[in-house]
file entry07.pdb (PDB, C-alpha atoms, pLDDT in the B column)
ATOM      1  CA  MET A   1    -238.248  12.736  91.540  1.00 44.00           C
ATOM      2  CA  ARG A   2    -235.886  12.644  94.505  1.00 41.00           C
ATOM      3  CA  VAL A   3    -236.175  15.582  96.888  1.00 50.00           C
ATOM      4  CA  THR A   4    -233.019  16.728  98.637  1.00 51.00           C
ATOM      5  CA  ARG A   5    -233.207  18.543 101.927  1.00 53.00           C
ATOM      6  CA  VAL A   6    -231.099  21.695 102.023  1.00 62.00           C
ATOM      7  CA  GLU A   7    -229.981  23.415 105.239  1.00 83.00           C
ATOM      8  CA  MET A   8    -231.444  26.911 105.413  1.00 91.00           C
ATOM      9  CA  ASP A   9    -231.801  29.501 108.159  1.00 95.00           C
ATOM     10  CA  ILE A  10    -235.416  30.696 107.989  1.00 97.00           C
ATOM     11  CA  GLU A  11    -236.509  33.666 110.072  1.00 97.00           C
ATOM     12  CA  LEU A  12    -239.971  35.252 110.231  1.00 98.00           C
ATOM     13  CA  LEU A  13    -239.984  38.753 111.694  1.00 98.00           C
ATOM     14  CA  TYR A  14    -243.289  40.242 112.854  1.00 98.00           C
ATOM     15  CA  PHE A  15    -244.958  42.475 115.402  1.00 96.00           C
ATOM     16  CA  ASP A  16    -247.919  41.496 117.557  1.00 93.00           C
ATOM     17  CA  GLY A  17    -250.402  43.834 115.843  1.00 90.00           C
ATOM     18  CA  CYS A  18    -249.800  42.321 112.413  1.00 94.00           C
ATOM     19  CA  PRO A  19    -252.836  40.447 111.104  1.00 93.00           C
ATOM     20  CA  ASN A  20    -250.814  38.532 108.482  1.00 97.00           C
ATOM     21  CA  TRP A  21    -247.773  37.007 110.169  1.00 97.00           C
ATOM     22  CA  GLU A  22    -249.536  33.733 110.990  1.00 97.00           C
ATOM     23  CA  LYS A  23    -250.696  33.394 107.375  1.00 97.00           C
ATOM     24  CA  ALA A  24    -247.090  33.967 106.277  1.00 98.00           C
ATOM     25  CA  ARG A  25    -245.876  31.316 108.751  1.00 98.00           C
ATOM     26  CA  ASP A  26    -248.447  28.791 107.499  1.00 98.00           C
ATOM     27  CA  ARG A  27    -247.661  29.457 103.830  1.00 98.00           C
ATOM     28  CA  LEU A  28    -243.953  29.230 104.559  1.00 98.00           C
ATOM     29  CA  ALA A  29    -244.461  25.844 106.240  1.00 97.00           C
ATOM     30  CA  GLU A  30    -246.433  24.658 103.169  1.00 98.00           C
ATOM     31  CA  ALA A  31    -243.669  25.877 100.852  1.00 97.00           C
ATOM     32  CA  LEU A  32    -240.979  24.183 102.937  1.00 96.00           C
ATOM     33  CA  ALA A  33    -242.919  20.911 102.762  1.00 96.00           C
ATOM     34  CA  ALA A  34    -243.407  21.272  98.995  1.00 96.00           C
ATOM     35  CA  THR A  35    -239.648  21.702  98.494  1.00 94.00           C
ATOM     36  CA  GLY A  36    -238.716  18.710 100.657  1.00 93.00           C
ATOM     37  CA  ASN A  37    -237.671  20.853 103.604  1.00 93.00           C
ATOM     38  CA  ALA A  38    -240.590  20.205 105.963  1.00 92.00           C
ATOM     39  CA  GLY A  39    -238.320  19.750 108.988  1.00 90.00           C
ATOM     40  CA  THR A  40    -236.613  23.111 108.583  1.00 94.00           C
ATOM     41  CA  PRO A  41    -237.350  25.250 111.625  1.00 96.00           C
ATOM     42  CA  ILE A  42    -238.959  28.651 111.157  1.00 97.00           C
ATOM     43  CA  ARG A  43    -237.450  30.985 113.731  1.00 97.00           C
ATOM     44  CA  LEU A  44    -240.057  33.498 114.864  1.00 98.00           C
ATOM     45  CA  ARG A  45    -238.660  36.895 115.816  1.00 98.00           C
ATOM     46  CA  ARG A  46    -241.061  39.379 117.397  1.00 98.00           C
ATOM     47  CA  ILE A  47    -240.102  43.018 116.910  1.00 98.00           C
ATOM     48  CA  GLU A  48    -241.504  45.000 119.826  1.00 97.00           C
ATOM     49  CA  THR A  49    -240.316  48.607 119.518  1.00 97.00           C
ATOM     50  CA  PRO A  50    -239.491  51.156 116.831  1.00 96.00           C
ATOM     51  CA  GLU A  51    -235.898  51.090 118.117  1.00 97.00           C
ATOM     52  CA  ALA A  52    -235.716  47.328 117.624  1.00 97.00           C
ATOM     53  CA  ALA A  53    -237.157  47.770 114.112  1.00 97.00           C
ATOM     54  CA  GLU A  54    -234.377  50.232 113.306  1.00 96.00           C
ATOM     55  CA  ARG A  55    -231.700  47.958 114.784  1.00 96.00           C
ATOM     56  CA  VAL A  56    -232.642  44.970 112.602  1.00 95.00           C
ATOM     57  CA  ALA A  57    -233.715  46.974 109.523  1.00 95.00           C
ATOM     58  CA  PHE A  58    -237.274  45.637 109.828  1.00 97.00           C
ATOM     59  CA  PRO A  59    -239.246  46.757 106.745  1.00 96.00           C
ATOM     60  CA  GLY A  60    -242.613  45.633 108.107  1.00 96.00           C
ATOM     61  CA  SER A  61    -244.565  42.607 109.139  1.00 97.00           C
ATOM     62  CA  PRO A  62    -244.337  39.899 108.090  1.00 98.00           C
ATOM     63  CA  THR A  63    -240.763  39.774 106.814  1.00 98.00           C
ATOM     64  CA  ILE A  64    -239.135  36.493 105.864  1.00 98.00           C
ATOM     65  CA  ARG A  65    -235.380  36.136 105.732  1.00 97.00           C
ATOM     66  CA  ILE A  66    -233.679  33.111 104.213  1.00 96.00           C
ATOM     67  CA  ASP A  67    -230.052  32.789 105.252  1.00 94.00           C
ATOM     68  CA  GLY A  68    -230.182  36.422 106.378  1.00 94.00           C
ATOM     69  CA  THR A  69    -231.565  37.763 103.086  1.00 95.00           C
ATOM     70  CA  ASP A  70    -235.022  39.160 102.395  1.00 96.00           C
ATOM     71  CA  PRO A  71    -235.961  37.503  99.069  1.00 96.00           C
ATOM     72  CA  PHE A  72    -238.801  39.992  98.580  1.00 95.00           C
ATOM     73  CA  GLY A  73    -236.743  43.110  99.286  1.00 88.00           C
ATOM     74  CA  PRO A  74    -235.434  45.626  99.171  1.00 80.00           C
ATOM     75  CA  THR A  75    -238.141  47.830 100.590  1.00 82.00           C
ATOM     76  CA  GLU A  76    -238.197  51.436 101.665  1.00 84.00           C
ATOM     77  CA  GLY A  77    -238.272  52.414 105.307  1.00 90.00           C
ATOM     78  CA  VAL A  78    -238.380  50.464 108.525  1.00 94.00           C
ATOM     79  CA  GLY A  79    -240.792  50.323 111.432  1.00 94.00           C
ATOM     80  CA  LEU A  80    -243.741  48.636 113.067  1.00 95.00           C
ATOM     81  CA  THR A  81    -245.926  48.616 109.990  1.00 94.00           C
ATOM     82  CA  CYS A  82    -247.723  46.051 107.866  1.00 94.00           C
ATOM     83  CA  ARG A  83    -245.975  44.901 104.732  1.00 95.00           C
ATOM     84  CA  VAL A  84    -247.644  44.270 101.382  1.00 95.00           C
ATOM     85  CA  TYR A  85    -246.546  41.695  98.792  1.00 96.00           C
ATOM     86  CA  ARG A  86    -247.270  41.507  95.063  1.00 95.00           C
ATOM     87  CA  THR A  87    -248.713  38.097  94.215  1.00 95.00           C
ATOM     88  CA  ALA A  88    -250.340  36.594  91.123  1.00 95.00           C
ATOM     89  CA  ASP A  89    -253.699  37.374  92.786  1.00 93.00           C
ATOM     90  CA  GLY A  90    -252.825  41.010  93.517  1.00 95.00           C
ATOM     91  CA  LEU A  91    -251.540  42.697  96.657  1.00 96.00           C
ATOM     92  CA  GLU A  92    -251.623  40.597  99.823  1.00 96.00           C
ATOM     93  CA  GLY A  93    -250.366  40.855 103.384  1.00 97.00           C
ATOM     94  CA  ALA A  94    -248.170  37.757 102.978  1.00 98.00           C
ATOM     95  CA  PRO A  95    -246.288  36.137 100.107  1.00 98.00           C
ATOM     96  CA  SER A  96    -248.172  33.407  98.263  1.00 97.00           C
ATOM     97  CA  THR A  97    -247.170  29.795  98.784  1.00 98.00           C
ATOM     98  CA  ALA A  98    -246.120  29.633  95.107  1.00 97.00           C
ATOM     99  CA  ASP A  99    -243.856  32.680  95.518  1.00 98.00           C
ATOM    100  CA  LEU A 100    -242.351  31.174  98.667  1.00 98.00           C
ATOM    101  CA  ILE A 101    -241.662  27.905  96.830  1.00 97.00           C
ATOM    102  CA  THR A 102    -239.853  29.898  94.140  1.00 97.00           C
ATOM    103  CA  VAL A 103    -237.612  31.782  96.599  1.00 97.00           C
ATOM    104  CA  LEU A 104    -236.867  28.613  98.575  1.00 96.00           C
ATOM    105  CA  ARG A 105    -235.777  26.815  95.405  1.00 94.00           C
ATOM    106  CA  GLN A 106    -233.586  29.776  94.493  1.00 93.00           C
ATOM    107  CA  ALA A 107    -232.029  29.672  97.978  1.00 91.00           C
ATOM    108  CA  GLU A 108    -231.269  25.958  97.545  1.00 85.00           C
ATOM    109  CA  HIS A 109    -229.007  26.806  94.579  1.00 83.00           C
ATOM    110  CA  ARG A 110    -226.954  29.514  96.235  1.00 78.00           C
TER     111      ARG A 110
END
call {"tool": "encode", "arguments": {"input": "entry07.pdb", "output": "structure tokens"}}
result
Amino acid sequence: MRVTRVEMDIELLYFDGCPNWEKARDRLAEALAATGNAGTPIRLRRIETPEAAERVAFPGSPTIRIDGTDPFGPTEGVGLTCRVYRTADGLEGAPSTADLITVLRQAEHR
């Protein structure tokens, strides 16, 4: 099977107190590699204040945006809070690698 690299803008928003943003970054890197997009940069964006969270509509950490869209949204509220994701294994603080692969493949076809 031939894998085609697709240009995507990947952004990971987080705040320093979040215990899960690094796990999200690592899983996102695994998912990018699995979809043939290993060289795609992941832009890290630290959200430092409640005002900044409001300005960028930050629903919690970690938040992943692909081409400006949150594939796991919408969510309620914004702020410096931890975000929870539904995965096949239950609630987790970061999307699963399998779920990330799914949203990346969907983004490739937009």
call {"tool": "closest_residue", "arguments": {"input": "entry07.pdb", "among": "A:Leu100, A:Leu32, A:Leu13, A:Ile42", "to": "Cys82 of chain A", "atoms": "only C-alpha atoms"}}
result
A:Leu13
call {"tool": "atom_distance", "arguments": {"input": "entry07.pdb", "atom1": "atom CA of Ile101 of chain A", "atom2": "atom CA of Arg65 of chain A"}}
result
13.7 Å
call {"tool": "closest_residue", "arguments": {"input": "entry07.pdb", "among": "A:Leu12, A:Ala52, A:Thr81, A:Glu76", "to": "Arg27 of chain A", "atoms": "only C-alpha atoms"}}
result
A:Leu12
call {"tool": "atom_distance", "arguments": {"input": "entry07.pdb", "atom1": "atom CA of Leu28 of chain A", "atom2": "atom CA of Glu108 of chain A"}}
result
14.9 Å
call {"tool": "residues_around", "arguments": {"input": "entry07.pdb", "residues": "Asp9 of chain A", "least_positions_apart": "3", "cutoff": "12 Å", "atoms": "only C-alpha atoms", "output": "ChimeraX atom specification"}}
result
/A:6,12,32,37,39-44,64-70,104,107-108
call {"tool": "resolve_selection", "arguments": {"input": "entry07.pdb", "expression": "the PyMOL selection byres ((chain A and resi 61) around 8)", "output": "number ranges by chain"}}
result
A: 13-15, 18, 20-21, 58-60, 62-63, 80-83
call {"tool": "write_last_selection", "arguments": {"input": "entry07.pdb", "atoms": "C-alpha atoms", "output": "tab-separated table (two decimals), in the frame of the given file"}}
result
chain	number	residue	atom	x	y	z
A	13	LEU	CA	-239.98	38.75	111.69
A	14	TYR	CA	-243.29	40.24	112.85
A	15	PHE	CA	-244.96	42.48	115.40
A	18	CYS	CA	-249.80	42.32	112.41
A	20	ASN	CA	-250.81	38.53	108.48
A	21	TRP	CA	-247.77	37.01	110.17
A	58	PHE	CA	-237.27	45.64	109.83
A	59	PRO	CA	-239.25	46.76	106.74
A	60	GLY	CA	-242.61	45.63	108.11
A	62	PRO	CA	-244.34	39.90	108.09
A	63	THR	CA	-240.76	39.77	106.81
A	80	LEU	CA	-243.74	48.64	113.07
A	81	THR	CA	-245.93	48.62	109.99
A	82	CYS	CA	-247.72	46.05	107.87
A	83	ARG	CA	-245.98	44.90	104.73
call {"tool": "atom_distance", "arguments": {"input": "entry07.pdb", "atom1": "atom CA of Gly79 of chain A", "atom2": "atom CA of Asp16 of chain A"}}
result
12.9 Å
call {"tool": "axis_aligned_box", "arguments": {"input": "entry07.pdb", "around": "segment 67-83 of chain A", "padding_each_side": "3 Å", "output": "JSON"}}
result
{"center_x": -238.9, "center_y": 42.6, "center_z": 105.8, "size_x": 23.7, "size_y": 25.6, "size_z": 20.5}
call {"tool": "residues_around", "arguments": {"input": "entry07.pdb", "residues": "Lys23 of chain A", "least_positions_apart": "4", "cutoff": "10 Å", "atoms": "all atoms listed in the file", "output": "number ranges by chain"}}
result
A: 19, 27-29, 62, 93-97
call {"tool": "write_last_selection", "arguments": {"input": "entry07.pdb", "atoms": "C-alpha atoms", "output": "short mmCIF file (atom, residue, chain, number, x, y, z; two decimals), keeping the file's coordinate frame"}}
result
data_model
loop_
_atom_site.label_atom_id
_atom_site.label_comp_id
_atom_site.auth_asym_id
_atom_site.auth_seq_id
_atom_site.Cartn_x
_atom_site.Cartn_y
_atom_site.Cartn_z
CA PRO A 19 -252.84 40.45 111.10
CA ARG A 27 -247.66 29.46 103.83
CA LEU A 28 -243.95 29.23 104.56
CA ALA A 29 -244.46 25.84 106.24
CA PRO A 62 -244.34 39.90 108.09
CA GLY A 93 -250.37 40.85 103.38
CA ALA A 94 -248.17 37.76 102.98
CA PRO A 95 -246.29 36.14 100.11
CA SER A 96 -248.17 33.41 98.26
CA THR A 97 -247.17 29.80 98.78
#
call {"tool": "closest_residue", "arguments": {"input": "entry07.pdb", "among": "A:Arg45, A:Arg110, A:Val78, A:Thr87", "to": "Ala57 of chain A", "atoms": "all atoms listed in the file"}}
result
A:Val78
